[in-house]
Amino acid sequence: MTEARTAIVTGAARGIGAAVAARLASDGMKVAIVDLDQDACASTVDTITAAGGTALAVGADVSDAAAVDAAVARIADELGAPTVLINNAGILRDNLLFKMTVEDWDLVMGVHLRGAFNMAKAAQKFMVEAKFGRIVNLSSTSALGNRGQANYSAAKAGMQGLTKTLAIELGKFGVTSNAIAPGFIVTDMTAATAERVGVPFDDFIKFSAEQIPVARVGQPEDIANTASFLVSEGAGFVSGQVIYVAGGPKD
Ligand code: NAI
């Protein structure tokens with residue numbers, strides 16, 4: 001049997017990241033749970049270890065290059081060379097353009113785009129050395145444009161360009177890079193959006209489901225299933241793609 005691979009999932013203390021981490025662990029990977037606060041990673045780590053898997057809690061702000069370098073070095077040391085990376089950490093700072101501050105623009109760019117860049121840069125050397133790697137970046141249907149999300153939409157479109165460029169640069173080293181662009185997924189992030197627009201979360205979910213061809217909203221496991229395929233050994237010829245996981249077609 002080959003040695004278990006080490007995966008890194010950012011923003012994995014909760015939501016989509018936690019579900020992806022649990023899924024990769026059940027697929028047999030050792031998983032580093034990276035989030036802002038190391039203690040907040042405990043519940044994801046506990047879920048994985050209770051199911052017989054291996055997980056490590058790592059506190060780091062992905063937008064901070066020095067923190068990322070230290071985190072990735074620690075992960076390589078404690079779990080083994082990381083060859084799977086899920087860039088999932090994300091934040092919202094929604095506002096209409098005329099009210100959006102430059103700080104909220106920079107914050108969103110910093111977490112999504114600089115964060116994914118920092119993580120990919122730190123992890124790629126282990127992937128190139130191993131002649132195997134899998135990078136999955138979380139984009140969004142908002143990449144196609146969304147009212148109140150000039151910052152987030154631009155960042156999520158940027159994730160798609162980053163994804164394709166990493167696919168082109170790293171392909172010859174056995175490294176693939178793909179993006180998942182989720183639609184509505186039930187998490188604290190969408191709950192916060194419902195609160196911001198003043199709609200009870202259940203009504204927000206019901207209204208959203210009515211607009212979705214499969215007639216339901218997404219769950220974190222829907223994204224975990226897709227990520228599990230993209231990082232699998234058998235997905236080596238799938239690279240530079242953006243997969244919309246939104247219950248229906250998107251352009
Ligand atoms: P969430 O808000 O529930 O979880 C995000 C996690 O990222 C949190 O644990 C947070 O602490 C962490 N995080 C934030 N900034 C960080 C930083 N600088 N460094 C490290 N960790 C940081 O969000 P959710 O819904 O699980 O979203 C995960 C990803 O999926 C995000 O990139 C989001 O933009 C994307 N997405 C979510 C959708 C949804 O409907 N929930 C739809 C499309 C995309």
# chains A, B, ... in the order shown; residues from 1 in each chain; ligands from 1

$ closest_atom_pairs --of "chain A" --to "ligand 1" --cutoff "7 Å" --atoms "only C-alpha atoms and all ligand atoms" --output "JSON lines"
{"residue": "A:Thr10", "atom": "CA", "partner": "ligand 1", "partner_atom_place_in_ligand_line": "21 (N)", "distance": 5.8}
{"residue": "A:Gly11", "atom": "CA", "partner": "ligand 1", "partner_atom_place_in_ligand_line": "7 (O)", "distance": 3.3}
{"residue": "A:Ala12", "atom": "CA", "partner": "ligand 1", "partner_atom_place_in_ligand_line": "9 (O)", "distance": 5.6}
{"residue": "A:Ala13", "atom": "CA", "partner": "ligand 1", "partner_atom_place_in_ligand_line": "9 (O)", "distance": 4.5}
{"residue": "A:Arg14", "atom": "CA", "partner": "ligand 1", "partner_atom_place_in_ligand_line": "9 (O)", "distance": 4.9}
{"residue": "A:Gly15", "atom": "CA", "partner": "ligand 1", "partner_atom_place_in_ligand_line": "26 (O)", "distance": 3.6}
{"residue": "A:Ile16", "atom": "CA", "partner": "ligand 1", "partner_atom_place_in_ligand_line": "26 (O)", "distance": 3.8}
{"residue": "A:Gly17", "atom": "CA", "partner": "ligand 1", "partner_atom_place_in_ligand_line": "26 (O)", "distance": 5.6}
{"residue": "A:Val34", "atom": "CA", "partner": "ligand 1", "partner_atom_place_in_ligand_line": "20 (C)", "distance": 6.3}
{"residue": "A:Asp35", "atom": "CA", "partner": "ligand 1", "partner_atom_place_in_ligand_line": "21 (N)", "distance": 3.8}
{"residue": "A:Leu36", "atom": "CA", "partner": "ligand 1", "partner_atom_place_in_ligand_line": "20 (C)", "distance": 4.4}
{"residue": "A:Ala60", "atom": "CA", "partner": "ligand 1", "partner_atom_place_in_ligand_line": "20 (C)", "distance": 5.7}
{"residue": "A:Asp61", "atom": "CA", "partner": "ligand 1", "partner_atom_place_in_ligand_line": "19 (N)", "distance": 3.6}
{"residue": "A:Val62", "atom": "CA", "partner": "ligand 1", "partner_atom_place_in_ligand_line": "19 (N)", "distance": 4.1}
{"residue": "A:Ser63", "atom": "CA", "partner": "ligand 1", "partner_atom_place_in_ligand_line": "18 (N)", "distance": 5.3}
{"residue": "A:Asn88", "atom": "CA", "partner": "ligand 1", "partner_atom_place_in_ligand_line": "32 (O)", "distance": 4.4}
{"residue": "A:Ala89", "atom": "CA", "partner": "ligand 1", "partner_atom_place_in_ligand_line": "7 (O)", "distance": 3.8}
{"residue": "A:Gly90", "atom": "CA", "partner": "ligand 1", "partner_atom_place_in_ligand_line": "32 (O)", "distance": 3.7}
{"residue": "A:Ile91", "atom": "CA", "partner": "ligand 1", "partner_atom_place_in_ligand_line": "14 (C)", "distance": 5.3}
{"residue": "A:Val111", "atom": "CA", "partner": "ligand 1", "partner_atom_place_in_ligand_line": "18 (N)", "distance": 4.8}
{"residue": "A:His112", "atom": "CA", "partner": "ligand 1", "partner_atom_place_in_ligand_line": "32 (O)", "distance": 6.7}
{"residue": "A:Gly115", "atom": "CA", "partner": "ligand 1", "partner_atom_place_in_ligand_line": "18 (N)", "distance": 6.9}
{"residue": "A:Leu138", "atom": "CA", "partner": "ligand 1", "partner_atom_place_in_ligand_line": "32 (O)", "distance": 5.2}
{"residue": "A:Ser139", "atom": "CA", "partner": "ligand 1", "partner_atom_place_in_ligand_line": "44 (C)", "distance": 5.6}
{"residue": "A:Ser140", "atom": "CA", "partner": "ligand 1", "partner_atom_place_in_ligand_line": "43 (C)", "distance": 4.0}
{"residue": "A:Thr141", "atom": "CA", "partner": "ligand 1", "partner_atom_place_in_ligand_line": "43 (C)", "distance": 6.2}
{"residue": "A:Ala181", "atom": "CA", "partner": "ligand 1", "partner_atom_place_in_ligand_line": "43 (C)", "distance": 6.0}
{"residue": "A:Pro182", "atom": "CA", "partner": "ligand 1", "partner_atom_place_in_ligand_line": "43 (C)", "distance": 4.2}
{"residue": "A:Gly183", "atom": "CA", "partner": "ligand 1", "partner_atom_place_in_ligand_line": "42 (C)", "distance": 4.9}
{"residue": "A:Phe184", "atom": "CA", "partner": "ligand 1", "partner_atom_place_in_ligand_line": "40 (O)", "distance": 3.9}
{"residue": "A:Ile185", "atom": "CA", "partner": "ligand 1", "partner_atom_place_in_ligand_line": "40 (O)", "distance": 3.6}
{"residue": "A:Val186", "atom": "CA", "partner": "ligand 1", "partner_atom_place_in_ligand_line": "41 (N)", "distance": 5.8}
{"residue": "A:Thr187", "atom": "CA", "partner": "ligand 1", "partner_atom_place_in_ligand_line": "25 (O)", "distance": 4.8}
{"residue": "A:Asp188", "atom": "CA", "partner": "ligand 1", "partner_atom_place_in_ligand_line": "3 (O)", "distance": 4.4}
{"residue": "A:Met189", "atom": "CA", "partner": "ligand 1", "partner_atom_place_in_ligand_line": "2 (O)", "distance": 4.2}
{"residue": "A:Thr190", "atom": "CA", "partner": "ligand 1", "partner_atom_place_in_ligand_line": "41 (N)", "distance": 5.3}

$ residues_around --residues "Arg147 of chain A" --least-positions-apart "2" --cutoff "10 Å" --atoms "only C-alpha atoms" --output "PyMOL selection string"
chain A and resi 94-97+142+145+149-150+153

$ write_last_selection --atoms "C-alpha atoms" --output "short mmCIF file (atom, residue, chain, number, x, y, z; two decimals), in the first residue's frame"
data_model
loop_
_atom_site.label_atom_id
_atom_site.label_comp_id
_atom_site.auth_asym_id
_atom_site.auth_seq_id
_atom_site.Cartn_x
_atom_site.Cartn_y
_atom_site.Cartn_z
CA ASP A 94 -20.75 42.68 0.79
CA ASN A 95 -21.93 46.17 -0.05
CA LEU A 96 -23.09 48.13 -3.03
CA LEU A 97 -20.19 49.75 -4.84
CA SER A 142 -20.68 34.99 -7.88
CA GLY A 145 -21.32 38.84 -11.25
CA GLN A 149 -20.32 41.71 -4.27
CA ALA A 150 -17.89 43.76 -6.41
CA SER A 153 -17.11 38.52 -7.41
#

$ atom_distance --atom1 "atom CA of Ala18 of chain A" --atom2 "atom CA of Thr44 of chain A"
5.8 Å

$ select_by_dssp --residues "segment 31-99 of chain A" --states "strand (DSSP E or B)" --output "ChimeraX atom specification"
/A:31-35,55-59,82-87,95

$ closest_atom_pairs --of "segment 139-199 of chain A" --to "segment 123-131 of chain A" --cutoff "7 Å" --atoms "only C-alpha atoms" --output "JSON lines"
{"residue": "A:Phe173", "atom": "CA", "partner": "A:Lys131", "partner_atom": "CA", "distance": 5.0}
{"residue": "A:Gly174", "atom": "CA", "partner": "A:Lys131", "partner_atom": "CA", "distance": 5.1}
{"residue": "A:Val175", "atom": "CA", "partner": "A:Met127", "partner_atom": "CA", "distance": 6.8}

$ closest_atom_pairs --of "segment 110-139 of chain A" --to "segment 222-246 of chain A" --cutoff "8 Å" --atoms "only C-alpha atoms" --output "CSV"
residue,atom,partner,partner_atom,distance
A:Arg134,CA,A:Val231,CA,5.3
A:Ile135,CA,A:Val231,CA,7.3
A:Val136,CA,A:Ala227,CA,7.1

$ closest_residue --among "A:Ile205, A:Val31, A:Ile48, A:Met100" --to "Ala7 of chain A" --atoms "only C-alpha atoms"
A:Val31

$ select_by_dssp --residues "segment 10-187 of chain A" --states "helix (DSSP H, G or I)" --output "ChimeraX atom specification"
/A:15-26,38-50,65-79,97-99,102-130,141-144,150-173

$ atom_distance --atom1 "atom CA of Leu170 of chain A" --atom2 "atom CA of Gly28 of chain A"
24.4 Å

$ atom_distance --atom1 "atom CA of Arg216 of chain A" --atom2 "atom CA of Asn87 of chain A"
25.5 Å

$ closest_residue --among "A:Ala73, A:Ala65, A:Leu107, A:Val9" --to "Val45 of chain A" --atoms "only C-alpha atoms"
A:Val9

$ residues_around --residues "Arg93 of chain A" --least-positions-apart "6" --cutoff "10 Å" --atoms "only C-alpha atoms" --output "VMD selection string"
chain A and resid 100 to 101 103 to 108 148 to 152 193

$ write_last_selection --atoms "N, CA and C atoms" --output "PDB file, in the first residue's frame"
ATOM      1  N   MET A 100     -18.986  50.514  -0.605  1.00  0.00           N
ATOM      2  CA  MET A 100     -17.900  49.579  -0.303  1.00  0.00           C
ATOM      3  C   MET A 100     -16.606  50.341   0.000  1.00  0.00           C
ATOM      4  N   THR A 101     -15.979  50.004   1.113  1.00  0.00           N
ATOM      5  CA  THR A 101     -14.744  50.703   1.471  1.00  0.00           C
ATOM      6  C   THR A 101     -13.552  50.001   0.822  1.00  0.00           C
ATOM      7  N   GLU A 103     -10.987  49.212   2.357  1.00  0.00           N
ATOM      8  CA  GLU A 103     -10.552  48.182   3.317  1.00  0.00           C
ATOM      9  C   GLU A 103     -11.291  46.867   3.044  1.00  0.00           C
ATOM     10  N   ASP A 104     -12.596  46.977   2.752  1.00  0.00           N
ATOM     11  CA  ASP A 104     -13.374  45.758   2.478  1.00  0.00           C
ATOM     12  C   ASP A 104     -12.991  45.133   1.127  1.00  0.00           C
ATOM     13  N   TRP A 105     -12.596  45.963   0.196  1.00  0.00           N
ATOM     14  CA  TRP A 105     -12.058  45.433  -1.072  1.00  0.00           C
ATOM     15  C   TRP A 105     -10.771  44.651  -0.784  1.00  0.00           C
ATOM     16  N   ASP A 106      -9.850  45.295  -0.062  1.00  0.00           N
ATOM     17  CA  ASP A 106      -8.543  44.676   0.185  1.00  0.00           C
ATOM     18  C   ASP A 106      -8.642  43.416   1.036  1.00  0.00           C
ATOM     19  N   LEU A 107      -9.534  43.443   2.036  1.00  0.00           N
ATOM     20  CA  LEU A 107      -9.694  42.268   2.914  1.00  0.00           C
ATOM     21  C   LEU A 107     -10.116  41.033   2.114  1.00  0.00           C
ATOM     22  N   VAL A 108     -11.105  41.241   1.244  1.00  0.00           N
ATOM     23  CA  VAL A 108     -11.634  40.114   0.462  1.00  0.00           C
ATOM     24  C   VAL A 108     -10.581  39.610  -0.529  1.00  0.00           C
ATOM     25  N   GLY A 148     -23.891  43.683  -5.075  1.00  0.00           N
ATOM     26  CA  GLY A 148     -23.387  43.841  -3.708  1.00  0.00           C
ATOM     27  C   GLY A 148     -22.084  43.113  -3.437  1.00  0.00           C
ATOM     28  N   GLN A 149     -21.517  42.531  -4.487  1.00  0.00           N
ATOM     29  CA  GLN A 149     -20.316  41.711  -4.271  1.00  0.00           C
ATOM     30  C   GLN A 149     -19.180  42.077  -5.246  1.00  0.00           C
ATOM     31  N   ALA A 150     -18.965  43.365  -5.481  1.00  0.00           N
ATOM     32  CA  ALA A 150     -17.888  43.759  -6.413  1.00  0.00           C
ATOM     33  C   ALA A 150     -16.562  43.134  -5.993  1.00  0.00           C
ATOM     34  N   ASN A 151     -16.282  43.175  -4.692  1.00  0.00           N
ATOM     35  CA  ASN A 151     -15.014  42.617  -4.200  1.00  0.00           C
ATOM     36  C   ASN A 151     -14.984  41.084  -4.323  1.00  0.00           C
ATOM     37  N   TYR A 152     -16.017  40.440  -3.818  1.00  0.00           N
ATOM     38  CA  TYR A 152     -16.077  38.964  -3.780  1.00  0.00           C
ATOM     39  C   TYR A 152     -16.148  38.376  -5.191  1.00  0.00           C
ATOM     40  N   THR A 193     -25.528  36.015   5.304  1.00  0.00           N
ATOM     41  CA  THR A 193     -26.102  36.804   4.203  1.00  0.00           C
ATOM     42  C   THR A 193     -27.602  37.006   4.433  1.00  0.00           C
TER      43      THR A 193
END

$ closest_residue --among "A:Ala50, A:Val20, A:Val199, A:Ala4" --to "Gln219 of chain A" --atoms "only C-alpha atoms"
A:Val20

$ closest_residue --among "A:Met109, A:Ala120, A:Val217, A:Ala143" --to "Asp203 of chain A" --atoms "only C-alpha atoms"
A:Val217
